[in-house]
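Participant: Sending over a structure as structure tokens; questions will come in a sec.
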Amino acid sequence: MILVKTAKEVEAMKPACQISAEALRLGGEAVKPGVTTAQIDKIIYDYIVSQGARPNFKGLGGFPGSACISVNDVVIHGIPSHGIVLHEGDIVSIDTGAAVHGWNGDNAATFACGAVAENAQHIMDVTKEALARGIAAAQPGNRVGDIGAAVQQYVEANGLSVVRTFVGHGVGRKLHEDPEVPNFGTAGHGPRLVAGMVIAIEPMVNEGTHVVKEQPDGWTIKTADGKLSAHFEHTIAITPKGPVILTQV
């Protein structure tokens with residue numbers, strides 16, 4: 001069931017979304033050669049807790065980290081580890097969120113570790129722009145399929161592929177609510193977007209095949225061909241005047 005929020009409830013979500021956004025920014029600033037993903041996770045945890053909020057990923061379904069930190073061919077759900085050391089040229093996707101006053105925020109971005117290769121910069125640029133295009137399609141009266149079609153068309157026009165196995169989602173009292181928000185699809189199809197819906201749009205884009213594979217740890221998702229992946233996400237509210245990004249720093 002899709003839960004439509006009142007204007008007051010959307011306003012109440014803003015602190016969680018702002019804390020999520022700032023935690024993501026701080027995590028991104030920490031992406032440097034020699035740093036471990038566990039160190040980045042601690043920075044994110046410490047900030048969220050300092051704001052009187054709770055890292056909403058930690059413990060969710062048993063996930064051990066405060067953020068998913070996914071390097072290079074890891075698409076999503078990378079477990080922070082002292083054994084994963086970042087190197088010059090890596091691309092690092094960080095997905096994190098916070099819960100406060102019973103509301104959730106959720107956002108992600110992919111960061112360059114030092115200087116990166118042209119293909120790595122390309123996938124980051126395309127994925128970030130795909131998110132912007134998906135958000136622009138999230139107009140009241142449109143349908144969820146309009147978002148996915150906008151993302152998919154842009155990504156594929158740039159020679160990359162969209163992950164099918166994992167999708168965006170509604171956000172509210174729960175981190176994951178209805179509706180599912182795929183990054184692929186047909187314009188004019190799917191649930192209608194109405195003012196008061198709050199959704200996370202999150203393109204996950206692969207350099208090669210869209211096929212992914214789960215690792216033995218039960219969390220880490222990698223590209224099936226070992227090529228790069230990038231991930232960008234915002235929590236947005238549908239308003240009568242159009243989409244509003246709640247996780248904007």
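Each chain in the structure tokens gets a letter, A, B and so on, in the order shown; residues start at 1 in every chain, and ligands are counted from 1 in the order they appear.
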Neighbouring residues of stretch 117-133 of chain A were defined as those with any atom within 9 Å, considering only C-alpha atoms; residues of the same chain fewer than 2 positions away were excluded. Please report them as a ChimeraX atom specification.

Facilitator: /A:72,89-91,109-112,115,135-138,147,150-155,158,160,201-207,228-234

Participant: Give me the stretch 72-181 of chain A side of the contact with stretch 43-56 of chain A, cut-off 10 Å, one line per residue showing its nearest atom pair and distance in Å at one decimal, counting only C-alpha atoms, sorted by chain and residue number, as a Markdown table.

Facilitator:
| residue | atom | partner | partner_atom | distance |
| --- | --- | --- | --- | --- |
| A:Thr96 | CA | A:Pro55 | CA | 7.7 |
| A:Gly97 | CA | A:Asn56 | CA | 5.8 |
| A:Ala98 | CA | A:Pro55 | CA | 4.7 |
| A:Ala99 | CA | A:Arg54 | CA | 5.1 |
| A:Val100 | CA | A:Ala53 | CA | 4.9 |
| A:His101 | CA | A:Ala53 | CA | 8.1 |
| A:Gly102 | CA | A:Ala53 | CA | 9.7 |
| A:Trp103 | CA | A:Asn56 | CA | 9.8 |
| A:Asn104 | CA | A:Asn56 | CA | 7.3 |
| A:Gly105 | CA | A:Asn56 | CA | 8.4 |
| A:Asp106 | CA | A:Asn56 | CA | 8.7 |
| A:Lys174 | CA | A:Asn56 | CA | 9.4 |
| A:Leu175 | CA | A:Asn56 | CA | 7.5 |

Participant: Report the residues of stretch 46-138 of chain A whose backbone DSSP state falls under alpha helix (DSSP H), written as a list in words.

Facilitator: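 Matching residues for alpha helix (DSSP H) in stretch 46-138 of chain A are Asp46, Tyr47, Ile48, Val49, Ser50, Glu118, Asn119, Ala120, Gln121, His122, Ile123, Met124, Asp125, Val126, Thr127, Lys128, Glu129, Ala130, Leu131, Ala132, Arg133, Gly134, Ile135 and Ala136 of chain A.
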
Participant: Have a look at atom CA of A:Asp73 and atom CA of A:Cys17 and let me know their distance in Å, one decimal.

Facilitator: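 Going from atom CA of A:Asp73 over to atom CA of A:Cys17 covers 27.5 Å.
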
Participant: So that I can see what lies close to A:Gly27, please list as a list of chain:residue names the residues with an atom at most 8 Å from it, counting only C-alpha atoms and leaving out residues fewer than 4 positions away in the same chain.

Facilitator: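 With the cut-off at 8 Å, the set is A:Ala23, A:Val31, A:Ile40, A:Asp41, A:Ile43, A:Ile44, A:Ile94.
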
Participant: Suppose we keep all heavy atoms; can you now write the selection as a PDB file, in the first residue's frame?

Facilitator:
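The resulting out.pdb:
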ATOM      1  N   ALA A  23      25.598  13.217   6.485  1.00  0.00           N
ATOM      2  CA  ALA A  23      26.402  12.018   6.745  1.00  0.00           C
ATOM      3  C   ALA A  23      27.037  11.514   5.453  1.00  0.00           C
ATOM      4  O   ALA A  23      28.206  11.119   5.433  1.00  0.00           O
ATOM      5  CB  ALA A  23      25.535  10.931   7.374  1.00  0.00           C
ATOM      6  N   VAL A  31      36.787   9.765   1.474  1.00  0.00           N
ATOM      7  CA  VAL A  31      37.254   8.834   0.449  1.00  0.00           C
ATOM      8  C   VAL A  31      38.619   9.289  -0.065  1.00  0.00           C
ATOM      9  O   VAL A  31      38.721  10.251  -0.837  1.00  0.00           O
ATOM     10  CB  VAL A  31      36.233   8.721  -0.707  1.00  0.00           C
ATOM     11  CG1 VAL A  31      36.812   7.903  -1.859  1.00  0.00           C
ATOM     12  CG2 VAL A  31      34.938   8.093  -0.208  1.00  0.00           C
ATOM     13  N   ILE A  40      35.455   4.995   7.181  1.00  0.00           N
ATOM     14  CA  ILE A  40      34.391   5.851   6.644  1.00  0.00           C
ATOM     15  C   ILE A  40      33.079   5.569   7.359  1.00  0.00           C
ATOM     16  O   ILE A  40      32.332   6.488   7.719  1.00  0.00           O
ATOM     17  CB  ILE A  40      34.248   5.623   5.127  1.00  0.00           C
ATOM     18  CG1 ILE A  40      35.528   6.063   4.411  1.00  0.00           C
ATOM     19  CG2 ILE A  40      33.037   6.378   4.575  1.00  0.00           C
ATOM     20  CD1 ILE A  40      35.559   5.707   2.943  1.00  0.00           C
ATOM     21  N   ASP A  41      32.799   4.301   7.592  1.00  0.00           N
ATOM     22  CA  ASP A  41      31.575   3.923   8.288  1.00  0.00           C
ATOM     23  C   ASP A  41      31.515   4.537   9.682  1.00  0.00           C
ATOM     24  O   ASP A  41      30.454   4.985  10.130  1.00  0.00           O
ATOM     25  CB  ASP A  41      31.494   2.397   8.377  1.00  0.00           C
ATOM     26  CG  ASP A  41      30.158   1.918   8.897  1.00  0.00           C
ATOM     27  OD1 ASP A  41      29.147   2.073   8.178  1.00  0.00           O
ATOM     28  OD2 ASP A  41      30.119   1.390  10.024  1.00  0.00           O
ATOM     29  N   ILE A  43      32.940   7.321  10.686  1.00  0.00           N
ATOM     30  CA  ILE A  43      32.668   8.764  10.537  1.00  0.00           C
ATOM     31  C   ILE A  43      31.170   8.994  10.372  1.00  0.00           C
ATOM     32  O   ILE A  43      30.578   9.894  10.988  1.00  0.00           O
ATOM     33  CB  ILE A  43      33.441   9.329   9.329  1.00  0.00           C
ATOM     34  CG1 ILE A  43      34.939   9.379   9.643  1.00  0.00           C
ATOM     35  CG2 ILE A  43      32.926  10.713   8.929  1.00  0.00           C
ATOM     36  CD1 ILE A  43      35.817   9.630   8.438  1.00  0.00           C
ATOM     37  N   ILE A  44      30.539   8.170   9.550  1.00  0.00           N
ATOM     38  CA  ILE A  44      29.101   8.297   9.304  1.00  0.00           C
ATOM     39  C   ILE A  44      28.309   7.991  10.573  1.00  0.00           C
ATOM     40  O   ILE A  44      27.395   8.738  10.949  1.00  0.00           O
ATOM     41  CB  ILE A  44      28.690   7.366   8.144  1.00  0.00           C
ATOM     42  CG1 ILE A  44      29.258   7.921   6.833  1.00  0.00           C
ATOM     43  CG2 ILE A  44      27.171   7.209   8.071  1.00  0.00           C
ATOM     44  CD1 ILE A  44      29.183   6.965   5.671  1.00  0.00           C
ATOM     45  N   ILE A  94      28.668   5.144  -1.637  1.00  0.00           N
ATOM     46  CA  ILE A  94      28.253   5.168  -0.236  1.00  0.00           C
ATOM     47  C   ILE A  94      26.747   5.385  -0.191  1.00  0.00           C
ATOM     48  O   ILE A  94      26.224   6.331  -0.781  1.00  0.00           O
ATOM     49  CB  ILE A  94      28.970   6.287   0.544  1.00  0.00           C
ATOM     50  CG1 ILE A  94      30.491   6.096   0.484  1.00  0.00           C
ATOM     51  CG2 ILE A  94      28.488   6.319   1.996  1.00  0.00           C
ATOM     52  CD1 ILE A  94      31.273   7.221   1.145  1.00  0.00           C
TER      53      ILE A  94
END

Participant: Which of these, A:Ala187, A:Val85, A:Ile221, A:Val249, has the shortest distance to A:Asn142 once you count only C-alpha atoms?

Facilitator: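 Among A:Ala187, A:Val85, A:Ile221, A:Val249, it is A:Ala187 that comes nearest to A:Asn142.
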